$ cat coords.cif   # mmCIF, C-alpha atoms (C1' of nucleotides)
data_work
#
loop_
_atom_site.label_atom_id
_atom_site.label_comp_id
_atom_site.auth_asym_id
_atom_site.auth_seq_id
_atom_site.Cartn_x
_atom_site.Cartn_y
_atom_site.Cartn_z
CA MET E 1 -32.66 86.81 -39.93
CA VAL E 2 -33.21 87.42 -36.22
CA ALA E 3 -30.35 89.05 -34.32
CA LEU E 4 -27.62 87.02 -32.69
CA SER E 5 -27.93 86.61 -28.93
CA ARG E 6 -25.42 85.83 -26.23
CA ASP E 7 -27.29 82.65 -25.30
CA GLU E 8 -27.22 81.46 -28.87
CA ILE E 9 -23.47 81.99 -28.98
CA VAL E 10 -22.91 80.15 -25.68
CA GLU E 11 -25.07 77.26 -26.84
CA ALA E 12 -23.24 76.97 -30.15
CA ALA E 13 -19.92 77.16 -28.32
CA ARG E 14 -20.94 74.31 -26.03
CA GLY E 15 -21.83 72.23 -29.07
CA LEU E 16 -18.58 73.01 -30.82
CA LEU E 17 -16.62 72.16 -27.67
CA ALA E 18 -18.45 68.86 -27.24
CA GLU E 19 -17.82 67.89 -30.85
CA ARG E 20 -14.32 69.16 -31.50
CA GLY E 21 -12.68 69.89 -28.16
CA LEU E 22 -10.88 72.96 -26.93
CA ALA E 23 -8.55 73.22 -29.92
CA GLY E 24 -11.58 73.02 -32.21
CA LEU E 25 -13.47 75.78 -30.47
CA THR E 26 -12.15 78.92 -32.15
CA MET E 27 -13.94 82.22 -32.42
CA ARG E 28 -13.63 82.02 -36.19
CA ARG E 29 -15.18 78.59 -36.48
CA LEU E 30 -17.89 79.58 -34.05
CA ALA E 31 -18.70 82.65 -36.13
CA GLU E 32 -18.80 80.55 -39.27
CA ARG E 33 -21.21 78.10 -37.68
CA LEU E 34 -23.46 81.00 -36.66
CA GLY E 35 -23.26 82.60 -40.09
CA VAL E 36 -21.61 85.83 -38.98
CA GLN E 37 -18.21 87.47 -39.17
CA PRO E 38 -15.79 86.79 -36.26
CA GLY E 39 -15.98 90.37 -35.07
CA ALA E 40 -19.72 90.12 -34.53
CA LEU E 41 -19.18 87.80 -31.55
CA TYR E 42 -17.41 90.56 -29.67
CA TYR E 43 -20.54 92.60 -29.54
CA HIS E 44 -22.05 89.90 -27.29
CA VAL E 45 -19.08 88.46 -25.39
CA ALA E 46 -16.11 90.31 -24.00
CA SER E 47 -13.52 87.68 -24.88
CA LYS E 48 -12.99 84.00 -25.45
CA GLN E 49 -12.34 83.57 -21.72
CA ASP E 50 -15.65 85.22 -20.96
CA LEU E 51 -17.31 82.83 -23.38
CA LEU E 52 -15.64 79.79 -21.80
CA ALA E 53 -16.86 80.87 -18.37
CA ALA E 54 -20.41 81.03 -19.69
CA VAL E 55 -20.08 77.62 -21.34
CA ALA E 56 -18.76 76.06 -18.11
CA ALA E 57 -21.59 77.63 -16.12
CA GLU E 58 -24.14 76.19 -18.51
CA ILE E 59 -22.64 72.71 -18.31
CA LEU E 60 -22.92 72.83 -14.52
CA GLU E 61 -26.46 74.19 -14.53
CA ARG E 62 -27.64 71.36 -16.73
CA ALA E 63 -25.89 68.84 -14.50
CA GLN E 64 -28.06 69.48 -11.45
CA ILE E 65 -25.40 68.42 -9.01
CA ALA E 66 -26.43 67.10 -5.60
CA THR E 67 -25.47 69.47 -2.81
CA HIS E 68 -26.02 67.20 0.18
CA ASP E 69 -24.13 64.05 -0.82
CA PRO E 70 -20.45 64.59 -1.75
CA ALA E 71 -19.99 61.09 -3.21
CA ARG E 72 -23.01 61.52 -5.48
CA ALA E 73 -21.94 65.04 -6.39
CA ALA E 74 -18.56 63.72 -7.47
CA GLU E 75 -20.19 61.10 -9.72
CA GLU E 76 -22.57 63.65 -11.19
CA LEU E 77 -19.84 66.17 -11.88
CA ARG E 78 -17.79 63.54 -13.67
CA ALA E 79 -20.82 62.38 -15.65
CA ALA E 80 -21.56 65.95 -16.74
CA LEU E 81 -18.01 66.54 -17.91
CA LEU E 82 -17.29 63.29 -19.72
CA PRO E 83 -19.55 63.88 -22.75
CA ILE E 84 -17.92 67.27 -23.41
CA ARG E 85 -14.49 66.96 -25.00
CA ASP E 86 -11.91 68.68 -22.75
CA GLY E 87 -14.79 69.46 -20.38
CA ALA E 88 -12.67 69.03 -17.26
CA GLU E 89 -9.92 71.23 -18.61
CA VAL E 90 -12.38 74.01 -19.36
CA MET E 91 -13.97 73.63 -15.94
CA SER E 92 -10.57 73.76 -14.22
CA PHE E 93 -9.66 76.88 -16.07
CA VAL E 94 -12.91 78.64 -15.27
CA ASN E 95 -12.81 77.42 -11.68
CA ALA E 96 -9.56 79.30 -11.19
CA PHE E 97 -10.35 82.18 -13.49
CA ARG E 98 -13.87 83.01 -12.37
CA PRO E 99 -14.98 80.71 -9.52
CA ASP E 100 -18.15 82.68 -8.90
CA ALA E 101 -19.39 81.61 -12.34
CA LEU E 102 -19.43 78.06 -11.00
CA ARG E 103 -21.85 78.42 -8.10
CA PRO E 104 -22.93 74.74 -8.04
CA LEU E 105 -19.32 73.86 -7.29
CA ARG E 106 -19.08 76.39 -4.45
CA MET E 107 -22.30 75.02 -2.98
CA LEU E 108 -20.60 71.69 -2.40
CA GLU E 109 -18.98 72.94 0.77
CA ARG E 110 -22.38 72.81 2.44
CA ALA E 111 -22.20 69.05 2.14
CA PHE E 112 -19.40 68.89 4.68
CA PRO E 113 -20.39 69.20 8.34
CA LEU E 114 -17.21 70.98 9.29
CA PRO E 115 -16.32 74.43 10.68
CA ALA E 116 -16.04 77.28 8.19
CA PRO E 117 -12.67 77.08 6.49
CA GLN E 118 -12.35 73.31 6.62
CA ALA E 119 -15.67 72.76 4.85
CA ARG E 120 -14.42 74.85 1.99
CA TRP E 121 -11.05 73.15 1.86
CA ALA E 122 -12.72 69.76 1.90
CA ALA E 123 -14.99 70.75 -0.99
CA ASP E 124 -12.03 72.16 -2.91
CA THR E 125 -10.06 68.96 -2.36
CA LEU E 126 -12.90 66.89 -3.79
CA VAL E 127 -13.42 69.22 -6.75
CA HIS E 128 -9.69 69.29 -7.53
CA TYR E 129 -9.65 65.53 -7.42
CA VAL E 130 -12.62 65.12 -9.77
CA LEU E 131 -11.35 67.72 -12.25
CA GLY E 132 -7.86 66.25 -12.18
CA PHE E 133 -9.11 62.72 -12.65
CA VAL E 134 -11.47 63.55 -15.49
CA ALA E 135 -8.92 65.81 -17.17
CA GLU E 136 -6.52 62.88 -17.33
CA GLU E 137 -9.25 60.59 -18.63
CA GLN E 138 -10.17 63.04 -21.35
CA ASN E 139 -6.61 63.86 -22.30
CA GLN E 140 -6.02 60.17 -22.81
CA ALA E 141 -9.14 60.00 -24.94
CA GLU E 142 -7.81 62.87 -27.05
CA LEU E 143 -4.51 61.07 -27.51
CA ALA E 144 -6.29 57.87 -28.47
CA ARG E 145 -8.28 59.84 -31.02
CA ALA E 146 -5.06 61.20 -32.46
CA ARG E 147 -3.69 57.64 -32.48
CA ILE E 148 -0.77 58.64 -30.28
CA ARG E 149 -1.80 56.10 -27.67
CA GLN E 150 -4.17 53.18 -27.64
CA PRO E 151 -7.49 53.67 -25.91
CA ALA E 152 -7.73 52.36 -22.36
CA PRO E 153 -8.79 48.73 -22.72
CA ASP E 154 -11.33 48.27 -19.95
CA PRO E 155 -13.66 50.93 -18.58
CA GLN E 156 -14.44 49.05 -15.39
CA PRO E 157 -11.19 49.71 -13.48
CA VAL E 158 -11.52 53.39 -14.39
CA GLU E 159 -14.80 53.61 -12.50
CA GLU E 160 -13.24 51.71 -9.64
CA ALA E 161 -10.20 53.98 -9.55
CA PHE E 162 -12.41 57.05 -9.54
CA ARG E 163 -14.49 55.78 -6.62
CA PHE E 164 -11.37 54.76 -4.76
CA GLY E 165 -10.12 58.34 -4.84
CA VAL E 166 -13.48 59.72 -3.78
CA ASP E 167 -13.57 57.24 -0.90
CA VAL E 168 -10.05 58.13 0.12
CA ILE E 169 -11.01 61.78 0.34
CA LEU E 170 -14.26 61.12 2.16
CA ARG E 171 -13.12 58.30 4.43
CA GLY E 172 -9.35 58.15 4.36
CA LEU E 173 -6.90 55.64 3.00
CA PRO E 174 -7.56 51.98 3.73
CA PRO E 175 -5.28 50.64 6.49
CA GLY E 176 -1.78 49.73 5.31
CA GLY E 177 -1.77 45.94 5.48
CA SER E 178 -5.35 45.48 4.30
CA ALA E 179 -6.06 43.82 0.98
CA SER E 180 -9.24 45.66 -0.04
CA ALA E 181 -10.19 49.24 -0.80
CA PRO E 182 -13.15 50.80 0.93
CA THR E 183 -16.38 50.35 -1.02
CA SER E 184 -18.66 53.27 -1.73
CA SER E 185 -22.39 53.92 -1.22
CA MET Y 1 29.07 79.64 -32.68
CA VAL Y 2 28.65 76.11 -31.33
CA ALA Y 3 25.69 74.10 -32.59
CA LEU Y 4 22.34 74.22 -30.86
CA SER Y 5 21.55 71.23 -28.67
CA ARG Y 6 18.33 69.76 -27.40
CA ASP Y 7 19.38 70.34 -23.80
CA GLU Y 8 20.09 73.98 -24.51
CA ILE Y 9 16.62 74.36 -26.01
CA VAL Y 10 14.92 72.65 -23.06
CA GLU Y 11 16.85 74.81 -20.61
CA ALA Y 12 15.93 78.01 -22.42
CA ALA Y 13 12.32 76.88 -22.61
CA ARG Y 14 12.23 76.30 -18.86
CA GLY Y 15 13.59 79.79 -18.30
CA LEU Y 16 11.07 81.36 -20.67
CA LEU Y 17 8.24 79.45 -18.99
CA ALA Y 18 9.37 80.53 -15.53
CA GLU Y 19 9.59 84.16 -16.59
CA ARG Y 20 6.63 84.59 -18.90
CA GLY Y 21 4.30 81.65 -18.37
CA LEU Y 22 2.71 79.28 -20.86
CA ALA Y 23 1.34 82.02 -23.11
CA GLY Y 24 4.79 83.60 -23.23
CA LEU Y 25 6.54 80.39 -24.19
CA THR Y 26 6.24 80.37 -27.97
CA MET Y 27 8.49 78.60 -30.39
CA ARG Y 28 9.18 81.89 -32.08
CA ARG Y 29 10.23 83.70 -28.93
CA LEU Y 30 12.32 80.73 -27.89
CA ALA Y 31 14.10 80.75 -31.23
CA GLU Y 32 14.72 84.47 -30.92
CA ARG Y 33 16.22 84.03 -27.47
CA LEU Y 34 18.53 81.33 -28.83
CA GLY Y 35 19.50 83.41 -31.83
CA VAL Y 36 18.12 81.03 -34.46
CA GLN Y 37 15.19 80.86 -36.84
CA PRO Y 38 12.02 79.15 -35.54
CA GLY Y 39 12.40 76.25 -37.95
CA ALA Y 40 15.78 75.36 -36.47
CA LEU Y 41 14.12 74.16 -33.26
CA TYR Y 42 12.37 71.41 -35.16
CA TYR Y 43 15.63 69.76 -35.98
CA HIS Y 44 16.04 69.04 -32.23
CA VAL Y 45 12.48 68.65 -30.93
CA ALA Y 46 9.56 66.98 -32.62
CA SER Y 47 6.92 69.48 -31.53
CA LYS Y 48 6.01 71.96 -28.86
CA GLN Y 49 4.33 69.15 -26.90
CA ASP Y 50 7.52 67.15 -27.04
CA LEU Y 51 9.39 70.18 -25.73
CA LEU Y 52 6.91 70.69 -22.88
CA ALA Y 53 7.31 67.07 -21.84
CA ALA Y 54 11.07 67.55 -21.66
CA VAL Y 55 10.67 70.75 -19.66
CA ALA Y 56 8.31 69.06 -17.19
CA ALA Y 57 10.70 66.13 -16.81
CA GLU Y 58 13.55 68.51 -16.03
CA ILE Y 59 11.54 70.38 -13.43
CA LEU Y 60 10.83 67.09 -11.66
CA GLU Y 61 14.40 65.86 -11.86
CA ARG Y 62 15.69 69.01 -10.20
CA ALA Y 63 13.03 68.71 -7.52
CA GLN Y 64 14.40 65.50 -6.01
CA ILE Y 65 11.04 64.40 -4.69
CA ALA Y 66 10.92 62.07 -1.69
CA THR Y 67 9.63 58.65 -2.59
CA HIS Y 68 9.01 57.24 0.86
CA ASP Y 69 7.00 60.01 2.52
CA PRO Y 70 3.84 61.07 0.65
CA ALA Y 71 3.25 64.19 2.76
CA ARG Y 72 6.78 65.41 2.13
CA ALA Y 73 6.55 64.50 -1.53
CA ALA Y 74 3.42 66.62 -1.85
CA GLU Y 75 5.17 69.62 -0.28
CA GLU Y 76 8.22 69.16 -2.48
CA LEU Y 77 6.19 68.83 -5.64
CA ARG Y 78 4.32 72.03 -4.84
CA ALA Y 79 7.56 73.82 -3.99
CA ALA Y 80 9.08 72.76 -7.31
CA LEU Y 81 6.09 73.97 -9.31
CA LEU Y 82 5.41 77.31 -7.63
CA PRO Y 83 8.46 79.19 -8.95
CA ILE Y 84 7.61 78.22 -12.54
CA ARG Y 85 4.72 80.24 -13.94
CA ASP Y 86 1.94 77.86 -15.01
CA GLY Y 87 4.15 75.02 -13.79
CA ALA Y 88 1.23 72.94 -12.51
CA GLU Y 89 -0.70 73.35 -15.73
CA VAL Y 90 2.26 72.16 -17.76
CA MET Y 91 2.80 69.24 -15.40
CA SER Y 92 -0.88 68.24 -15.60
CA PHE Y 93 -0.77 68.30 -19.35
CA VAL Y 94 2.38 66.22 -19.56
CA ASN Y 95 1.13 63.86 -16.86
CA ALA Y 96 -1.80 62.96 -19.08
CA PHE Y 97 0.01 63.28 -22.37
CA ARG Y 98 3.19 61.37 -21.59
CA PRO Y 99 3.13 59.99 -18.03
CA ASP Y 100 6.30 57.97 -18.55
CA ALA Y 101 8.22 61.23 -18.94
CA LEU Y 102 7.36 61.94 -15.32
CA ARG Y 103 8.97 58.98 -13.59
CA PRO Y 104 9.41 60.67 -10.19
CA LEU Y 105 5.63 61.04 -10.07
CA ARG Y 106 5.06 57.38 -10.91
CA MET Y 107 7.51 56.39 -8.20
CA LEU Y 108 5.23 57.88 -5.60
CA GLU Y 109 3.05 54.80 -5.56
CA ARG Y 110 5.82 52.98 -3.76
CA ALA Y 111 5.17 55.23 -0.79
CA PHE Y 112 1.80 53.60 -0.19
CA PRO Y 113 1.82 50.22 1.56
CA LEU Y 114 -1.22 48.97 -0.35
CA PRO Y 115 -1.89 46.14 -2.80
CA ALA Y 116 -1.05 46.78 -6.46
CA PRO Y 117 -3.86 48.81 -8.00
CA GLN Y 118 -4.76 50.72 -4.85
CA ALA Y 119 -1.23 51.99 -4.34
CA ARG Y 120 -1.33 53.47 -7.80
CA TRP Y 121 -4.77 55.00 -7.33
CA ALA Y 122 -3.71 56.48 -4.03
CA ALA Y 123 -0.63 58.05 -5.62
CA ASP Y 124 -2.73 59.37 -8.50
CA THR Y 125 -5.22 60.88 -6.08
CA LEU Y 126 -2.48 62.72 -4.27
CA VAL Y 127 -0.84 63.92 -7.49
CA HIS Y 128 -4.16 65.09 -8.91
CA TYR Y 129 -4.79 66.98 -5.73
CA VAL Y 130 -1.42 68.72 -5.70
CA LEU Y 131 -1.56 69.62 -9.38
CA GLY Y 132 -5.13 70.89 -9.05
CA PHE Y 133 -4.34 72.92 -5.98
CA VAL Y 134 -1.22 74.51 -7.39
CA ALA Y 135 -2.86 75.13 -10.75
CA GLU Y 136 -5.54 77.17 -9.01
CA GLU Y 137 -2.94 79.02 -6.98
CA GLN Y 138 -0.97 79.88 -10.08
CA ASN Y 139 -3.98 80.80 -12.16
CA GLN Y 140 -4.96 83.25 -9.46
CA ALA Y 141 -1.44 84.64 -9.50
CA GLU Y 142 -1.71 85.11 -13.27
CA LEU Y 143 -4.99 86.96 -12.85
CA ALA Y 144 -3.51 89.16 -10.14
CA ARG Y 145 -0.65 89.97 -12.48
CA ALA Y 146 -3.15 90.94 -15.15
CA ARG Y 147 -4.96 93.07 -12.55
CA ILE Y 148 -8.19 91.14 -13.09
CA ARG Y 149 -8.27 90.14 -9.44
CA GLN Y 150 -6.42 91.28 -6.35
CA PRO Y 151 -3.66 89.03 -5.09
CA ALA Y 152 -4.59 86.68 -2.24
CA PRO Y 153 -4.05 88.73 0.92
CA ASP Y 154 -2.47 86.23 3.29
CA PRO Y 155 -0.22 83.33 2.32
CA GLN Y 156 -0.60 81.53 5.61
CA PRO Y 157 -4.11 80.09 5.10
CA VAL Y 158 -3.00 78.88 1.66
CA GLU Y 159 -0.34 76.69 3.25
CA GLU Y 160 -2.86 75.51 5.78
CA ALA Y 161 -5.44 74.72 3.11
CA PHE Y 162 -2.88 72.77 1.13
CA ARG Y 163 -1.86 70.67 4.13
CA PHE Y 164 -5.47 70.13 5.04
CA GLY Y 165 -6.13 68.50 1.65
CA VAL Y 166 -3.00 66.37 1.89
CA ASP Y 167 -4.05 65.23 5.36
CA VAL Y 168 -7.55 64.45 4.17
CA ILE Y 169 -6.13 62.22 1.47
CA LEU Y 170 -3.61 60.55 3.76
CA ARG Y 171 -5.70 60.28 6.91
CA GLY Y 172 -9.33 60.99 6.02
CA LEU Y 173 -11.67 63.83 6.79
CA PRO Y 174 -11.78 65.04 10.38
CA PRO Y 175 -14.87 63.78 12.23
CA GLY Y 176 -18.05 65.76 11.53
CA GLY Y 177 -18.63 67.66 14.75
CA SER Y 178 -14.99 68.32 15.51
CA ALA Y 179 -13.65 71.85 15.53
CA SER Y 180 -10.08 71.23 14.34
CA ALA Y 181 -8.42 69.86 11.25
CA PRO Y 182 -5.83 67.13 11.54
CA THR Y 183 -2.31 68.51 11.84
CA SER Y 184 0.47 67.26 9.63
CA SER Y 185 4.01 65.97 10.30
"C1'" DA Q 1 -28.29 98.34 -31.86
"C1'" DC Q 2 -26.00 95.21 -34.38
"C1'" DC Q 3 -22.94 93.62 -37.81
"C1'" DT Q 4 -19.35 93.72 -41.86
"C1'" DG Q 5 -14.75 94.28 -43.84
"C1'" DA Q 6 -10.48 94.56 -43.13
"C1'" DA Q 7 -6.76 94.81 -40.75
"C1'" DC Q 8 -3.13 94.02 -36.69
"C1'" DA Q 9 -0.10 91.26 -34.46
"C1'" DC Q 10 0.64 87.18 -33.75
"C1'" DC Q 11 0.83 81.51 -33.75
"C1'" DG Q 12 3.02 76.14 -34.79
"C1'" DT Q 13 4.90 73.68 -38.39
"C1'" DT Q 14 7.04 72.32 -42.88
"C1'" DC Q 15 10.51 72.11 -46.24
"C1'" DA Q 16 13.41 73.22 -50.17
"C1'" DA Q 17 17.67 75.12 -50.31
"C1'" DG Q 18 22.01 76.44 -48.53
"C1'" DT Q 19 26.55 75.49 -45.84
"C1'" DA T 1 24.50 67.53 -39.80
"C1'" DC T 2 22.50 71.65 -38.97
"C1'" DC T 3 20.25 75.80 -40.09
"C1'" DT T 4 17.94 79.69 -43.04
"C1'" DG T 5 14.22 81.77 -45.68
"C1'" DA T 6 10.01 81.68 -46.73
"C1'" DA T 7 5.87 80.12 -46.83
"C1'" DC T 8 1.19 77.69 -45.23
"C1'" DA T 9 -2.70 77.71 -42.66
"C1'" DC T 10 -4.23 79.40 -39.10
"C1'" DC T 11 -5.27 82.35 -34.41
"C1'" DG T 12 -7.91 86.34 -30.98
"C1'" DT T 13 -9.12 90.95 -31.11
"C1'" DT T 14 -10.13 95.75 -32.68
"C1'" DC T 15 -12.54 99.20 -34.99
"C1'" DA T 16 -14.12 102.37 -38.57
"C1'" DA T 17 -17.83 102.13 -41.35
"C1'" DG T 18 -22.22 100.63 -42.76
"C1'" DT T 19 -27.43 99.57 -41.93
#

$ encode --input "coords.cif" --output "structure tokens"
Amino acid sequence: MVALSRDEIVEAARGLLAERGLAGLTMRRLAERLGVQPGALYYHVASKQDLLAAVAAEILERAQIATHDPARAAEELRAALLPIRDGAEVMSFVNAFRPDALRPLRMLERAFPLPAPQARWAADTLVHYVLGFVAEEQNQAELARARIRQPAPDPQPVEEAFRFGVDVILRGLPPGGSASAPTSS
Amino acid sequence: MVALSRDEIVEAARGLLAERGLAGLTMRRLAERLGVQPGALYYHVASKQDLLAAVAAEILERAQIATHDPARAAEELRAALLPIRDGAEVMSFVNAFRPDALRPLRMLERAFPLPAPQARWAADTLVHYVLGFVAEEQNQAELARARIRQPAPDPQPVEEAFRFGVDVILRGLPPGGSASAPTSS
DNA sequence: ACCTGAACACCGTTCAAGT
DNA sequence: ACCTGAACACCGTTCAAGT
């Protein structure tokens, strides 16, 4: 009967999010899973938003995202988000709500050899792209789960589409008349 | 005492969203504003998600987004979303949830002179970027409103940052050692 | 210091029943 | 056909009171 800790709450929240998604992560269910009353959580976290920021930070810390290679960083960020239901949506929210909680994402701007503001804009563009892409992927997965839409048939073009966007951001659009996309790494 | 119509509900919902944001747009408040009981709405719309899709579609229809010029389309999409609180978030959700409701967005792929799948990926990349960028802008505005953060001081760099990302997607990153970003239109 | 019990002020959605 | 009344099954958050 050891006391509840903030870390324990964040860890349980991450698990609940991974299993049941954002709609399934309620303070009441979380309390139930931890064997306490809902109100007890508020002794350790200020609010649900505060909790979500901590969960997002933990997901990123575990991901160990490359800081020197933007293309690799994009792949790693996507890979870290995919196994967490609604992971991209949570990350987007926290990225806007408390960007300093997401230091690994801010570090990405060092990967761009550009003068001060541009490096940041470039990093933001890449991050927006990855979060937007994965959010759409995961939303479609949620809809497939709810049987509103069929699951995407073939995972291979999804990977290709993702890399295409990353390449476009890092190297520009392929020339108009050309028949092939740029290939990555 | 004319009967309620679906269009009237969608219009009122758009107004409520613009004024009070996503958290302020509840079925109960919407019913109150229309002078009916909450249950009455469900005779005209299937669910809140269904309603949001209709609202997003209307926002896009009014926007009259250019289909031939991607850079202009990006500006117009942003301009259409900014006056609606949480507009980008709603659009993102609907874009994943019911993309066919957002035909003007799908049309954008015609603006890219690329072979079939690439044109679509390019359009998706641009749309993801715009929605991600504006979502962050609007989330920060929401936080400023709630006095959690100060409002962004200077709107001019925001415009510049937005165009920088659009240019990156349309023309590629500026060369590494260079001191200036590409300039648009 | 840490948690319970109980409440407050809400939600989206359904559905018999009325007109 | 269209809407009301009333309920169902939830939410996040607060806070006095207990230990």

$ resolve_selection --input "coords.cif" --expression "the PyMOL selection byres ((chain Y) within 12 of (chain T))" --output "JSON, numbers by chain"
{"Y": [2, 3, 4, 5, 31, 35, 36, 37, 38, 39, 40, 41, 42, 43, 44]}

$ atom_distance --input "coords.cif" --atom1 "atom CA of E:Ile59" --atom2 "atom CA of Y:Val166"
28.9 Å

$ residues_around --input "coords.cif" --residues "stretch 102-107 of chain E" --least-positions-apart "5" --cutoff "10 Å" --atoms "only C-alpha atoms (C1' of nucleotides)" --output "NGL selection string"
:E and (53-54 or 56-61 or 63-68 or 73 or 77 or 91 or 94-96 or 120 or 123-124 or 127)

$ residues_around --input "coords.cif" --residues "stretch 138-140 of chain Y" --least-positions-apart "2" --cutoff "9 Å" --atoms "all atoms listed in the file" --output "PDB file with C-alpha atoms, in the coordinates of the input"
ATOM      1  CA  PHE E  93      -9.660  76.880 -16.070  1.00  0.00           C
ATOM      2  CA  ALA E  96      -9.560  79.300 -11.190  1.00  0.00           C
ATOM      3  CA  PHE E  97     -10.350  82.180 -13.490  1.00  0.00           C
TER       4      PHE E  97
ATOM      5  CA  LEU Y  82       5.410  77.310  -7.630  1.00  0.00           C
ATOM      6  CA  ARG Y  85       4.720  80.240 -13.940  1.00  0.00           C
ATOM      7  CA  ASP Y  86       1.940  77.860 -15.010  1.00  0.00           C
ATOM      8  CA  GLY Y  87       4.150  75.020 -13.790  1.00  0.00           C
ATOM      9  CA  ALA Y  88       1.230  72.940 -12.510  1.00  0.00           C
ATOM     10  CA  GLU Y  89      -0.700  73.350 -15.730  1.00  0.00           C
ATOM     11  CA  PHE Y 133      -4.340  72.920  -5.980  1.00  0.00           C
ATOM     12  CA  VAL Y 134      -1.220  74.510  -7.390  1.00  0.00           C
ATOM     13  CA  ALA Y 135      -2.860  75.130 -10.750  1.00  0.00           C
ATOM     14  CA  GLU Y 136      -5.540  77.170  -9.010  1.00  0.00           C
ATOM     15  CA  GLU Y 142      -1.710  85.110 -13.270  1.00  0.00           C
ATOM     16  CA  LEU Y 143      -4.990  86.960 -12.850  1.00  0.00           C
ATOM     17  CA  ALA Y 144      -3.510  89.160 -10.140  1.00  0.00           C
ATOM     18  CA  ARG Y 145      -0.650  89.970 -12.480  1.00  0.00           C
ATOM     19  CA  ARG Y 149      -8.270  90.140  -9.440  1.00  0.00           C
ATOM     20  CA  GLN Y 150      -6.420  91.280  -6.350  1.00  0.00           C
ATOM     21  CA  PRO Y 151      -3.660  89.030  -5.090  1.00  0.00           C
ATOM     22  CA  ALA Y 152      -4.590  86.680  -2.240  1.00  0.00           C
TER      23      ALA Y 152
END

$ atom_distance --input "coords.cif" --atom1 "atom CA of E:Ala74" --atom2 "atom CA of Y:Gly132"
15.3 Å

$ closest_residue --input "coords.cif" --among "E:Asp69, E:Glu137, E:Glu159, E:Glu11" --to "chain Y" --atoms "all atoms listed in the file"
E:Glu137

$ interface_residues --input "coords.cif" --of "chain Y" --to "chain E" --cutoff "6 Å" --atoms "only C-alpha atoms" --output "PyMOL selection string"
chain Y and resi 96+113-114+121+125+128-129+132+136+139+161+165+168-173+176

$ atom_distance --input "coords.cif" --atom1 "atom CA of Y:Leu22" --atom2 "atom CA of Y:Asp50"
14.4 Å

$ closest_residue --input "coords.cif" --among "E:Arg72, E:Arg62, E:Arg29, E:Arg78" --to "E:Leu17" --atoms "all atoms listed in the file"
E:Arg29

$ residues_near_point --input "coords.cif" --point "(-22.1, 80.7, -25.6)" --cutoff "9 Å" --atoms "all atoms listed in the file" --output "list in words"
Ser5, Arg6, Asp7, Glu8, Ile9, Val10, Glu11, Ala12, Ala13, Arg14, Val45, Leu51, Leu52, Ala53, Ala54, Val55 and Glu58 of chain E

$ decode --input "coords.cif" --residues "stretch 19-30 of chain Y" --atoms "N, CA and C atoms" --output "PDB file, in the first residue's frame"
ATOM      1  N   GLU Y  19     -17.226  31.662 -32.528  1.00  0.00           N
ATOM      2  CA  GLU Y  19     -17.262  32.505 -31.334  1.00  0.00           C
ATOM      3  C   GLU Y  19     -16.618  31.874 -30.118  1.00  0.00           C
ATOM      4  N   ARG Y  20     -16.867  30.584 -29.912  1.00  0.00           N
ATOM      5  CA  ARG Y  20     -16.502  29.968 -28.641  1.00  0.00           C
ATOM      6  C   ARG Y  20     -15.540  28.810 -28.758  1.00  0.00           C
ATOM      7  N   GLY Y  21     -15.188  28.410 -29.964  1.00  0.00           N
ATOM      8  CA  GLY Y  21     -14.230  27.329 -30.127  1.00  0.00           C
ATOM      9  C   GLY Y  21     -14.854  25.954 -29.948  1.00  0.00           C
ATOM     10  N   LEU Y  22     -14.016  24.940 -30.108  1.00  0.00           N
ATOM     11  CA  LEU Y  22     -14.490  23.558 -30.107  1.00  0.00           C
ATOM     12  C   LEU Y  22     -15.092  23.163 -28.768  1.00  0.00           C
ATOM     13  N   ALA Y  23     -14.488  23.616 -27.681  1.00  0.00           N
ATOM     14  CA  ALA Y  23     -15.016  23.275 -26.355  1.00  0.00           C
ATOM     15  C   ALA Y  23     -16.351  23.964 -26.105  1.00  0.00           C
ATOM     16  N   GLY Y  24     -16.576  25.086 -26.790  1.00  0.00           N
ATOM     17  CA  GLY Y  24     -17.809  25.825 -26.593  1.00  0.00           C
ATOM     18  C   GLY Y  24     -18.940  25.348 -27.481  1.00  0.00           C
ATOM     19  N   LEU Y  25     -18.588  24.550 -28.472  1.00  0.00           N
ATOM     20  CA  LEU Y  25     -19.614  24.028 -29.381  1.00  0.00           C
ATOM     21  C   LEU Y  25     -20.142  22.698 -28.854  1.00  0.00           C
ATOM     22  N   THR Y  26     -21.179  22.782 -28.030  1.00  0.00           N
ATOM     23  CA  THR Y  26     -21.807  21.557 -27.522  1.00  0.00           C
ATOM     24  C   THR Y  26     -23.209  21.456 -28.107  1.00  0.00           C
ATOM     25  N   MET Y  27     -23.673  20.242 -28.196  1.00  0.00           N
ATOM     26  CA  MET Y  27     -24.997  20.012 -28.748  1.00  0.00           C
ATOM     27  C   MET Y  27     -26.061  20.714 -27.902  1.00  0.00           C
ATOM     28  N   ARG Y  28     -25.806  20.770 -26.618  1.00  0.00           N
ATOM     29  CA  ARG Y  28     -26.770  21.395 -25.724  1.00  0.00           C
ATOM     30  C   ARG Y  28     -26.832  22.910 -25.914  1.00  0.00           C
ATOM     31  N   ARG Y  29     -25.662  23.522 -26.037  1.00  0.00           N
ATOM     32  CA  ARG Y  29     -25.643  24.967 -26.246  1.00  0.00           C
ATOM     33  C   ARG Y  29     -26.227  25.323 -27.612  1.00  0.00           C
ATOM     34  N   LEU Y  30     -25.916  24.487 -28.593  1.00  0.00           N
ATOM     35  CA  LEU Y  30     -26.426  24.705 -29.936  1.00  0.00           C
ATOM     36  C   LEU Y  30     -27.951  24.634 -29.943  1.00  0.00           C
TER      37      LEU Y  30
END
